[in-house]
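One file, final_29.cif, carrying mmCIF, C-alpha atoms and all ligand atoms:
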data_start
#
loop_
_atom_site.label_atom_id
_atom_site.label_comp_id
_atom_site.auth_asym_id
_atom_site.auth_seq_id
_atom_site.Cartn_x
_atom_site.Cartn_y
_atom_site.Cartn_z
CA MET A 20 94.86 -84.37 -69.59
CA ILE A 21 92.57 -87.18 -70.70
CA GLN A 22 94.27 -89.97 -72.61
CA TRP A 23 92.14 -91.45 -75.38
CA PRO A 24 91.35 -95.11 -75.00
CA SER A 25 92.20 -97.74 -77.51
CA THR A 26 89.25 -99.90 -78.60
CA VAL A 27 88.19 -102.20 -75.79
CA ARG A 28 88.03 -105.68 -77.30
CA PRO A 29 86.96 -108.61 -75.14
CA HIS A 30 89.36 -111.53 -75.26
CA SER A 31 87.60 -113.89 -77.67
CA SER A 32 88.36 -117.01 -75.62
CA THR A 33 86.36 -115.61 -72.69
CA VAL A 34 83.39 -114.19 -74.60
CA VAL A 35 81.32 -117.38 -74.57
CA ALA A 36 81.90 -117.93 -70.81
CA LYS A 37 80.97 -114.31 -70.06
CA VAL A 38 77.76 -114.45 -72.07
CA ARG A 39 76.87 -117.66 -70.23
CA VAL A 40 77.43 -116.03 -66.81
CA GLY A 41 75.53 -112.91 -67.89
CA SER A 42 72.58 -114.95 -69.12
CA ARG A 43 72.54 -117.02 -65.91
CA PHE A 44 72.47 -113.80 -63.88
CA ALA A 45 69.81 -112.11 -66.04
CA GLY A 46 67.58 -115.20 -65.91
CA GLY A 47 67.94 -115.46 -62.12
CA LEU A 48 67.33 -111.75 -61.76
CA VAL A 49 64.06 -111.88 -63.66
CA ARG A 50 62.86 -114.90 -61.66
CA ALA A 51 63.82 -113.36 -58.27
CA ARG A 52 62.27 -110.01 -59.20
CA LEU A 53 59.00 -111.62 -60.30
CA ARG A 54 58.81 -113.46 -56.96
CA GLY A 55 59.69 -110.30 -55.01
CA ARG A 56 62.84 -111.97 -53.66
CA PRO A 57 66.23 -110.27 -53.18
CA VAL A 58 68.51 -110.42 -56.21
CA ILE A 59 71.80 -110.21 -54.31
CA LEU A 60 73.18 -111.74 -51.12
CA SER A 61 75.85 -109.29 -49.97
CA HIS A 62 78.15 -111.04 -47.52
CA LEU A 63 80.91 -109.47 -45.46
CA ILE A 64 82.81 -112.71 -45.03
CA THR A 65 85.28 -111.25 -42.53
CA GLY A 66 85.96 -108.00 -40.70
CA ARG A 67 89.72 -108.57 -40.72
CA CYS A 68 91.95 -106.68 -43.11
CA ASN A 69 95.60 -106.31 -44.07
CA ALA A 70 95.14 -102.71 -45.27
CA ASP A 71 94.47 -99.46 -43.52
CA CYS A 72 92.15 -97.27 -45.59
CA PRO A 73 91.04 -94.05 -43.89
CA THR A 74 87.67 -94.17 -45.69
CA CYS A 75 86.75 -97.65 -44.49
CA LEU A 76 83.63 -98.11 -42.37
CA TRP A 77 83.70 -101.91 -42.25
CA ARG A 78 87.13 -103.09 -41.17
CA ASP A 79 86.86 -104.62 -37.71
CA ASP A 80 89.62 -106.98 -36.67
CA ALA A 81 87.83 -107.92 -33.44
CA THR A 82 84.59 -109.25 -34.97
CA ARG A 83 83.99 -112.94 -34.54
CA GLU A 84 83.15 -114.44 -37.94
CA LEU A 85 80.91 -117.27 -39.09
CA ASP A 86 82.56 -120.70 -39.37
CA THR A 87 82.97 -122.48 -42.69
CA ASP A 88 79.91 -124.73 -42.33
CA THR A 89 77.62 -121.84 -41.45
CA VAL A 90 78.81 -119.77 -44.42
CA ALA A 91 78.28 -122.78 -46.72
CA TRP A 92 74.78 -123.17 -45.24
CA LEU A 93 74.09 -119.49 -45.86
CA TYR A 94 75.12 -119.71 -49.52
CA ARG A 95 73.01 -122.82 -50.14
CA GLN A 96 70.07 -121.17 -48.40
CA ALA A 97 70.45 -118.08 -50.60
CA ALA A 98 70.36 -120.25 -53.70
CA ASP A 99 67.29 -122.13 -52.38
CA LEU A 100 65.62 -118.78 -51.85
CA GLY A 101 66.15 -118.02 -55.54
CA ILE A 102 68.78 -115.30 -55.03
CA PRO A 103 70.87 -115.30 -58.22
CA GLN A 104 73.99 -113.42 -57.12
CA LEU A 105 76.44 -113.52 -54.21
CA VAL A 106 78.75 -110.58 -53.53
CA VAL A 107 81.58 -111.41 -51.12
CA TRP A 108 83.48 -108.58 -49.42
CA GLY A 109 84.46 -107.55 -45.92
CA GLY A 110 87.11 -106.78 -44.47
CA GLU A 111 89.51 -108.42 -46.88
CA PRO A 112 87.99 -111.70 -48.10
CA LEU A 113 91.33 -113.14 -49.23
CA LEU A 114 92.34 -113.38 -45.57
CA ARG A 115 89.93 -116.31 -45.17
CA SER A 116 91.76 -119.52 -45.94
CA ASP A 117 88.43 -121.31 -46.68
CA LEU A 118 87.43 -118.75 -49.35
CA PRO A 119 88.03 -121.01 -52.41
CA ALA A 120 86.00 -123.86 -50.87
CA LEU A 121 83.17 -121.49 -49.96
CA LEU A 122 83.04 -119.87 -53.39
CA ALA A 123 82.98 -123.36 -54.90
CA VAL A 124 79.94 -124.17 -52.72
CA ALA A 125 78.24 -120.98 -53.92
CA ARG A 126 78.90 -121.73 -57.59
CA GLU A 127 77.75 -125.34 -57.22
CA ALA A 128 74.54 -124.04 -55.63
CA GLY A 129 74.01 -121.94 -58.78
CA LEU A 130 74.98 -118.48 -57.52
CA VAL A 131 76.83 -116.03 -59.73
CA VAL A 132 79.85 -115.08 -57.59
CA THR A 133 81.29 -111.58 -57.30
CA LEU A 134 84.38 -111.03 -55.16
CA ILE A 135 85.57 -107.58 -54.01
CA THR A 136 89.19 -107.41 -52.92
CA ASN A 137 92.07 -105.01 -52.39
CA GLY A 138 94.03 -107.58 -54.40
CA TRP A 139 97.15 -107.76 -52.22
CA SER A 140 97.21 -111.58 -52.12
CA LEU A 141 95.68 -112.33 -55.52
CA GLY A 142 98.99 -113.40 -57.03
CA GLU A 143 99.42 -116.11 -54.38
CA ARG A 144 95.78 -117.16 -54.03
CA TRP A 145 94.50 -117.05 -57.60
CA PRO A 146 95.44 -120.67 -58.44
CA GLU A 147 92.93 -121.82 -55.75
CA LEU A 148 90.28 -119.22 -56.63
CA ARG A 149 90.48 -119.55 -60.41
CA GLY A 150 87.22 -120.88 -61.81
CA HIS A 151 85.19 -120.00 -58.69
CA VAL A 152 84.73 -116.27 -59.40
CA ASP A 153 82.45 -114.83 -62.09
CA VAL A 154 83.09 -111.14 -61.44
CA LEU A 155 86.22 -109.82 -59.74
CA ILE A 156 86.12 -106.27 -58.40
CA LEU A 157 89.53 -104.73 -57.72
CA SER A 158 89.58 -101.67 -55.50
CA LEU A 159 91.63 -98.86 -56.99
CA ASP A 160 91.46 -95.39 -55.50
CA ASP A 161 94.38 -93.87 -57.40
CA THR A 162 97.40 -94.99 -59.37
CA GLY A 163 100.96 -95.97 -58.39
CA GLU A 164 102.23 -94.95 -54.97
CA ALA A 165 99.23 -92.68 -54.37
CA HIS A 166 97.03 -95.79 -54.29
CA ASP A 167 99.52 -97.61 -52.07
CA ARG A 168 99.50 -94.70 -49.60
CA LEU A 169 95.68 -94.57 -49.49
CA ARG A 170 95.61 -98.27 -48.61
CA GLY A 171 98.63 -98.32 -46.32
CA LEU A 172 100.13 -101.11 -48.46
CA PRO A 173 103.41 -100.19 -50.23
CA GLY A 174 103.74 -102.16 -53.49
CA LEU A 175 99.98 -102.82 -53.86
CA PHE A 176 99.55 -101.08 -57.22
CA ARG A 177 102.49 -103.03 -58.66
CA ARG A 178 100.89 -106.27 -57.45
CA LEU A 179 97.59 -105.36 -59.11
CA GLU A 180 99.39 -104.60 -62.37
CA ALA A 181 101.16 -107.98 -62.22
CA PHE A 182 97.94 -109.87 -61.44
CA THR A 183 95.86 -108.27 -64.19
CA ALA A 184 98.65 -108.94 -66.71
CA SER A 185 98.85 -112.56 -65.58
CA VAL A 186 95.14 -113.25 -66.21
CA ARG A 187 94.84 -111.24 -69.39
CA ASP A 188 94.67 -114.23 -71.74
CA ASP A 189 93.30 -116.76 -69.27
CA PRO A 190 90.10 -118.38 -70.61
CA ALA A 191 88.89 -118.69 -66.98
CA ARG A 192 89.43 -114.96 -66.42
CA PRO A 193 86.43 -113.50 -64.58
CA LYS A 194 84.72 -110.32 -65.67
CA LEU A 195 86.95 -107.59 -64.18
CA LEU A 196 85.74 -104.37 -62.63
CA VAL A 197 87.64 -101.59 -60.89
CA ASN A 198 85.96 -99.80 -57.98
CA THR A 199 87.10 -96.29 -57.10
CA VAL A 200 85.87 -94.59 -53.93
CA LEU A 201 85.78 -90.83 -54.29
CA SER A 202 86.80 -88.72 -51.32
CA ARG A 203 88.80 -85.59 -50.51
CA LEU A 204 91.87 -87.84 -50.45
CA ASN A 205 91.84 -88.59 -54.20
CA ARG A 206 90.32 -85.60 -56.01
CA GLY A 207 90.30 -86.07 -59.78
CA ALA A 208 91.13 -89.78 -59.40
CA LEU A 209 88.76 -90.89 -62.16
CA ARG A 210 90.98 -89.19 -64.73
CA ARG A 211 93.96 -91.22 -63.48
CA VAL A 212 92.29 -94.59 -62.94
CA ALA A 213 90.23 -94.63 -66.17
CA PRO A 214 93.25 -95.40 -68.42
CA VAL A 215 94.37 -98.10 -65.97
CA ALA A 216 90.93 -99.77 -65.97
CA GLU A 217 90.92 -99.59 -69.75
CA ARG A 218 94.40 -101.16 -69.93
CA TRP A 219 93.35 -103.94 -67.52
CA GLY A 220 90.28 -104.72 -69.66
CA ALA A 221 88.07 -103.80 -66.69
CA GLY A 222 84.84 -101.85 -66.31
CA LEU A 223 85.20 -98.77 -64.09
CA TYR A 224 82.76 -98.37 -61.26
CA PHE A 225 82.97 -95.48 -58.80
CA CYS A 226 81.13 -94.38 -55.71
CA PRO A 227 81.17 -91.24 -53.61
CA MET A 228 82.35 -92.44 -50.21
CA GLU A 229 79.80 -93.40 -47.59
CA THR A 230 80.39 -91.51 -44.36
CA GLY A 231 78.44 -93.52 -41.80
CA ARG A 232 75.30 -95.53 -41.21
CA MET A 233 71.69 -95.27 -40.11
CA GLU A 234 71.19 -96.32 -36.51
CA THR A 235 68.19 -96.36 -34.16
CA SER A 236 69.14 -92.86 -32.96
CA GLY A 237 69.56 -91.46 -36.52
CA PHE A 238 72.46 -91.12 -38.95
CA ALA A 239 75.92 -91.56 -37.43
CA GLY A 240 78.60 -90.18 -39.77
CA PRO A 241 82.08 -90.53 -38.27
CA LEU A 242 83.84 -90.01 -41.62
CA ALA A 243 81.89 -86.97 -42.86
CA SER A 244 85.03 -84.80 -42.95
CA LEU A 245 86.57 -87.01 -45.68
CA SER A 246 83.69 -86.89 -48.12
CA LEU A 247 83.71 -84.63 -51.16
CA GLU A 248 81.73 -81.44 -50.82
CA PRO A 249 78.88 -80.85 -53.36
CA ARG A 250 81.19 -79.00 -55.77
CA GLY A 251 83.68 -81.89 -55.74
CA LEU A 252 80.90 -84.37 -56.47
CA ARG A 253 79.60 -82.24 -59.35
CA ASP A 254 83.13 -82.07 -60.79
CA ALA A 255 83.39 -85.87 -60.48
CA ALA A 256 80.06 -86.36 -62.28
CA ARG A 257 81.15 -84.04 -65.12
CA LEU A 258 84.52 -85.74 -65.42
CA ALA A 259 82.87 -89.18 -65.46
CA LYS A 260 80.59 -88.05 -68.29
CA VAL A 261 83.53 -86.77 -70.34
CA LEU A 262 85.49 -89.98 -69.76
CA LYS A 263 82.49 -92.11 -70.65
CA GLY A 264 81.84 -89.96 -73.71
CA VAL A 265 85.33 -90.58 -75.11
CA GLY A 266 85.03 -94.33 -74.61
CA TYR A 267 86.49 -95.20 -71.20
CA PRO A 268 84.65 -98.14 -69.65
CA LEU A 269 82.66 -96.25 -67.01
CA MET A 270 79.80 -98.37 -65.70
CA ALA A 271 77.53 -95.70 -64.20
CA THR A 272 74.36 -94.94 -66.15
CA ASP A 273 73.91 -91.48 -67.68
CA ARG A 274 70.87 -91.15 -65.43
CA TYR A 275 73.01 -91.53 -62.30
CA LEU A 276 75.66 -89.14 -63.60
CA ASP A 277 73.05 -86.52 -64.54
CA LEU A 278 71.47 -86.75 -61.12
CA LEU A 279 74.82 -86.53 -59.31
CA GLU A 280 75.70 -83.42 -61.30
CA LYS A 281 72.34 -81.76 -60.68
CA ASP A 282 71.82 -82.75 -57.06
CA PRO A 283 74.96 -84.18 -55.41
CA ALA A 284 72.96 -84.97 -52.27
CA LEU A 285 70.96 -87.37 -54.48
CA THR A 286 67.59 -86.95 -52.86
CA ALA A 287 65.42 -87.79 -55.90
CA TYR A 288 65.09 -91.57 -55.82
CA THR A 289 62.94 -94.21 -54.17
CA CYS A 290 65.18 -96.69 -52.42
CA ARG A 291 64.49 -100.37 -53.08
CA ALA A 292 68.00 -101.48 -52.09
CA PRO A 293 67.02 -103.48 -48.98
CA ARG A 294 64.39 -105.33 -51.01
CA ALA A 295 66.91 -106.16 -53.70
CA ILE A 296 69.97 -106.82 -51.52
CA LEU A 297 70.04 -109.00 -48.42
CA THR A 298 73.15 -108.12 -46.42
CA VAL A 299 74.85 -110.40 -43.89
CA GLU A 300 77.61 -108.92 -41.74
CA ALA A 301 80.80 -110.73 -40.73
CA ASP A 302 79.34 -111.85 -37.38
CA GLY A 303 76.22 -113.28 -39.05
CA ALA A 304 73.96 -110.29 -38.37
CA VAL A 305 71.31 -109.84 -41.06
CA ARG A 306 71.38 -106.10 -41.67
CA ASP A 307 68.46 -103.76 -41.10
CA CYS A 308 69.83 -100.93 -43.22
CA LEU A 309 67.83 -98.31 -41.28
CA ARG A 310 68.90 -99.66 -37.87
CA ARG A 311 72.32 -101.12 -38.37
CA ASP A 312 72.81 -101.42 -34.62
CA VAL A 313 69.88 -103.87 -34.29
CA PRO A 314 70.13 -106.86 -36.67
CA LEU A 315 67.01 -108.46 -38.14
CA ALA A 316 68.31 -111.93 -37.29
CA ARG A 317 71.55 -113.87 -36.82
CA VAL A 318 72.47 -116.48 -39.38
CA ASP A 319 74.18 -118.84 -36.91
CA GLN A 320 71.23 -118.73 -34.52
CA LEU A 321 68.77 -119.26 -37.35
CA ARG A 322 70.70 -122.31 -38.51
CA ALA A 323 71.03 -123.71 -34.97
CA ALA A 324 67.26 -123.34 -34.49
CA GLY A 325 66.54 -125.31 -37.67
CA GLY A 326 65.29 -122.19 -39.50
CA ARG A 327 65.76 -121.05 -43.10
CA MET A 328 66.87 -117.78 -44.65
CA ALA A 329 63.38 -117.53 -46.14
CA ASP A 330 62.13 -117.02 -42.55
CA VAL A 331 63.95 -113.67 -42.45
CA LEU A 332 61.77 -112.29 -45.25
CA ALA A 333 58.67 -113.08 -43.19
CA ILE A 334 59.83 -111.15 -40.08
CA PRO A 335 57.53 -108.11 -39.59
CA ARG A 336 60.60 -105.88 -39.10
CA TYR A 337 61.93 -106.97 -42.50
CA GLN A 338 58.69 -105.85 -44.11
CA GLN A 339 58.82 -102.60 -42.15
CA MET A 340 62.42 -101.97 -43.24
CA VAL A 341 61.70 -102.36 -46.97
CA LYS A 342 58.71 -100.02 -46.69
CA SER A 343 60.49 -97.35 -44.61
CA ALA A 344 63.52 -97.46 -46.91
CA GLU A 345 61.36 -96.10 -49.71
CA ARG A 346 61.37 -92.76 -47.87
CA CYS A 347 65.12 -92.79 -47.10
CA THR A 348 67.77 -91.18 -49.35
CA ALA A 349 70.79 -91.50 -47.05
CA CYS A 350 72.84 -93.46 -49.63
CA ASN A 351 74.43 -91.81 -52.63
CA ASN A 352 76.34 -94.57 -54.40
CA PRO A 353 75.36 -95.85 -57.82
CA ASP A 354 74.74 -99.42 -56.67
CA VAL A 355 71.94 -98.33 -54.32
CA LEU A 356 70.29 -96.02 -56.86
CA GLU A 357 70.78 -98.30 -59.84
CA ILE A 358 69.56 -101.44 -58.08
CA SER A 359 66.47 -99.44 -57.07
CA TRP A 360 65.87 -98.47 -60.69
CA LEU A 361 66.44 -102.04 -61.76
CA TRP A 362 63.90 -103.21 -59.19
CA ASP A 363 61.45 -100.75 -60.75
CA LEU A 364 62.33 -102.19 -64.19
CA GLU A 365 63.41 -98.82 -65.53
CA ARG A 366 64.62 -98.71 -69.12
CA GLN A 367 68.23 -97.52 -68.61
CA MET A 368 68.87 -100.31 -66.13
CA LEU A 369 67.32 -103.00 -68.31
CA GLU A 370 69.53 -101.79 -71.14
CA LYS A 371 72.56 -101.88 -68.85
CA VAL A 372 71.84 -105.48 -67.80
CA GLY A 373 71.41 -106.34 -71.48
CA ARG A 374 74.82 -104.82 -72.26
CA LEU A 375 76.44 -106.68 -69.34
CA VAL A 376 75.00 -109.95 -70.60
CA ALA A 377 76.35 -109.28 -74.07
CA THR A 378 79.94 -108.35 -73.10
C1 LIG B 1 85.02 -102.37 -47.63
S1 LIG B 1 85.85 -102.98 -49.01
C2 LIG B 1 85.97 -104.71 -48.68
C3 LIG B 1 86.69 -105.48 -49.75
C4 LIG B 1 88.19 -105.26 -49.84
N1 LIG B 1 88.82 -105.17 -48.57
C5 LIG B 1 88.50 -104.08 -50.70
O1 LIG B 1 88.95 -103.06 -50.18
O2 LIG B 1 88.28 -104.18 -51.90
C6 LIG B 1 84.65 -102.94 -50.32
C7 LIG B 1 84.71 -101.70 -51.17
O3 LIG B 1 84.33 -100.59 -50.39
C8 LIG B 1 85.13 -99.52 -50.78
N2 LIG B 1 85.08 -98.49 -49.74
C9 LIG B 1 85.97 -98.22 -48.77
N3 LIG B 1 85.54 -97.19 -48.00
C10 LIG B 1 84.35 -96.79 -48.52
C11 LIG B 1 83.41 -95.79 -48.19
N4 LIG B 1 83.57 -95.01 -47.12
N5 LIG B 1 82.32 -95.66 -48.97
C12 LIG B 1 82.09 -96.47 -50.01
N6 LIG B 1 82.94 -97.46 -50.38
C13 LIG B 1 84.05 -97.62 -49.64
C14 LIG B 1 86.47 -100.16 -50.98
O4 LIG B 1 87.34 -99.36 -51.72
C15 LIG B 1 86.10 -101.41 -51.69
O5 LIG B 1 86.06 -101.23 -53.09
S1 LIG B 2 91.15 -102.87 -47.93
FE1 LIG B 2 88.90 -102.92 -47.89
S2 LIG B 2 88.29 -103.69 -45.85
FE2 LIG B 2 90.47 -103.20 -45.79
S3 LIG B 2 90.56 -101.22 -44.84
FE3 LIG B 2 90.53 -100.94 -47.10
S4 LIG B 2 88.37 -100.76 -47.73
FE4 LIG B 2 88.43 -101.54 -45.61
#
Written as structure tokens, how would this file's structure read?
Ligand SMILES: C[S@@+](CC[C@H](N)C(=O)[O-])C[C@H]1O[C@@H](n2cnc3c(N)ncnc32)[C@H](O)[C@@H]1O
Ligand code: SF4
Amino acid sequence: MIQWPSTVRPHSSTVVAKVRVGSRFAGGLVRARLRGRPVILSHLITGRCNADCPTCLWRDDATRELDTDTVAWLYRQAADLGIPQLVVWGGEPLLRSDLPALLAVAREAGLVVTLITNGWSLGERWPELRGHVDVLILSLDDTGEAHDRLRGLPGLFRRLEAFTASVRDDPARPKLLVNTVLSRLNRGALRRVAPVAERWGAGLYFCPMETGRMETSGFAGPLASLSLEPRGLRDAARLAKVLKGVGYPLMATDRYLDLLEKDPALTAYTCRAPRAILTVEADGAVRDCLRRDVPLARVDQLRAAGGRMADVLAIPRYQQMVKSAERCTACNNPDVLEISWLWDLERQMLEKVGRLVAT
């Protein structure tokens, strides 16, 4: 049964700071878009993780990772390139002891910082991170022990509850979002997590799980057996619409939800994601999203050779990738579709950015 939300009221002490961050992001976004530059640097800061999620395609404890100076160089280069936003994920970013210093570098360089975390260590690490994060995305695939089981971390949900309560009235509280990955392992989860997101004062983002990646030889999908079948995705889209309709803070646009309900394979979009998002893997590989096995460049080598991140955008293969991606519909998550619509300056996305700036 759906519980009805109470009115979501932003904490007044944080409203001014949030509007300032939103305006900074919107201004940077417009400038980057007009110059045809990426609007997001997506950085997998580590492959290491303390959890054990069966859906995860990115955890890799063996990957060598970039050193502190190279990551700081990367963030300053991104800002020089006019990229307005940094998204830090992994692996579990809180496992990097230099994370607060690196996020401080990013903020000083002018980037709006988003951090995605499973949240296990937030209680301990927040004093160092506080003030360096604009948007905090907490992963939440279910509630209570069901979430703990999905992550292989007993006590995780309790920790998330304690953390969100502890920052509730903090004037330096970042914008909070919850991210729920939909798979066969958590059918109907949106109904359970929506009241939690609402109680935490967080927006609720969800994505149908990715099952693999594009490689030179074609799509490799090792996790296909865990993904929801078309009927499950349609049910999720309908449920999301109902929850959004009664006031839960779902972030997905109606356009995305309509499309997911009509065509769960999501084949009707033109992908601009690699134009809009520059992705750097934990080992410094700059991702070619259509050939993930062959990086476009390596950040550490570029730095050692006296190059700049701007050089990557001039590589012929980069240009090829952004063109070829326009004919690819392998991805089905809202961030890929919605960033593509934003790149094309479509109305629903401009309205969504406007709402994000205002709240
Ligand atoms: C790979 S994790 C890295 C950050 C951090 N360790 C965490 O879990 O939040 C980033 C996000 O991807 C989500 N995720 C995990 N498996 C996924 C999949 N197969 N498809 C899409 N998202 C997935 C996670 O739940 C998380 O919200
Ligand atoms: S917590 Fe994040 S990085 Fe770790 S296994 Fe889960 S999804 Fe992957």
Counting only C-alpha atoms, what is within 6 Å of segment 343-356 of chain A, bar same-chain residues fewer than 5 positions away, as an MDAnalysis selection string?
chainID A and resid 226:227 285:286 289:290 292
Option closest in space to ligand LIG 2 (chain B), from A:Leu122, A:Ala184, A:Val299, A:Leu157 [counting all atoms listed in the file]
A:Leu157
Env. residues ligand LIG 2 (chain B) / 12 Å / only C-alpha atoms and all ligand atoms / as a ChimeraX atom specification:
/A:63-80,107-114,134-140,156-160,166-172,175,198-200,228-229,301
Residue nearest Thr89 of chain A among A:Arg317, A:Arg211, A:Arg306, A:Arg250 (counting all atoms listed in the file):
A:Arg317
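Interatomic distance, atom CA of Asp302 of chain A to atom CA of His62 of chain A: 10.2 Å.
Close contacts of Arg322 of chain A, defined as residues with an atom at most 8 Å away when counting only C-alpha atoms, with chain neighbours fewer than 4 positions off set aside, comprise A:Thr89, A:Trp92, A:Val318, A:Gly326, A:Arg327.
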As number ranges by chain, please: the residues near Pro335 of chain A (cut-off 12 Å, only C-alpha atoms, same-chain neighbours under 6 positions excluded).
A: 307, 315-316, 341-342
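Those residues that approach Arg192 of chain A to within 8 Å, counting all atoms listed in the file, are Thr33, Arg149, Gly150, Val186, Arg187 and Asp188 of chain A; same-chain residues fewer than 4 positions away are not listed.
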Residues as selected, C-alpha atoms, written as a tab-separated table (two decimals), in the frame of the given file, can you do that?
chain	number	residue	atom	x	y	z
A	33	THR	CA	86.36	-115.61	-72.69
A	149	ARG	CA	90.48	-119.55	-60.41
A	150	GLY	CA	87.22	-120.88	-61.81
A	186	VAL	CA	95.14	-113.25	-66.21
A	187	ARG	CA	94.84	-111.24	-69.39
A	188	ASP	CA	94.67	-114.23	-71.74
Applying 7 Å and all atoms listed in the file, which residues near Tyr267 of chain A remain after dropping the ones on its own chain fewer than 3 positions away? List them as an mmCIF file with C-alpha atoms, in the frame of the given file.
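Full text of result19.cif as output:
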data_model
loop_
_atom_site.group_PDB
_atom_site.id
_atom_site.type_symbol
_atom_site.label_atom_id
_atom_site.label_comp_id
_atom_site.auth_asym_id
_atom_site.auth_seq_id
_atom_site.Cartn_x
_atom_site.Cartn_y
_atom_site.Cartn_z
ATOM 1 C CA PRO A 24 91.350 -95.110 -75.000
ATOM 2 C CA ALA A 213 90.230 -94.630 -66.170
ATOM 3 C CA GLU A 217 90.920 -99.590 -69.750
ATOM 4 C CA LEU A 262 85.490 -89.980 -69.760
ATOM 5 C CA LYS A 263 82.490 -92.110 -70.650
#
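The space between atom CA of Val49 of chain A and atom CA of Val372 of chain A spans 10.9 Å.
Here atom CA of Arg274 of chain A is placed at a distance of 19.5 Å from atom CA of Ala295 of chain A.
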Given the choices A:Asp273, A:Asp189, A:Asp99, A:Asp363, which gets closest to Arg291 of chain A if the distance is worked out from only C-alpha atoms?
A:Asp363
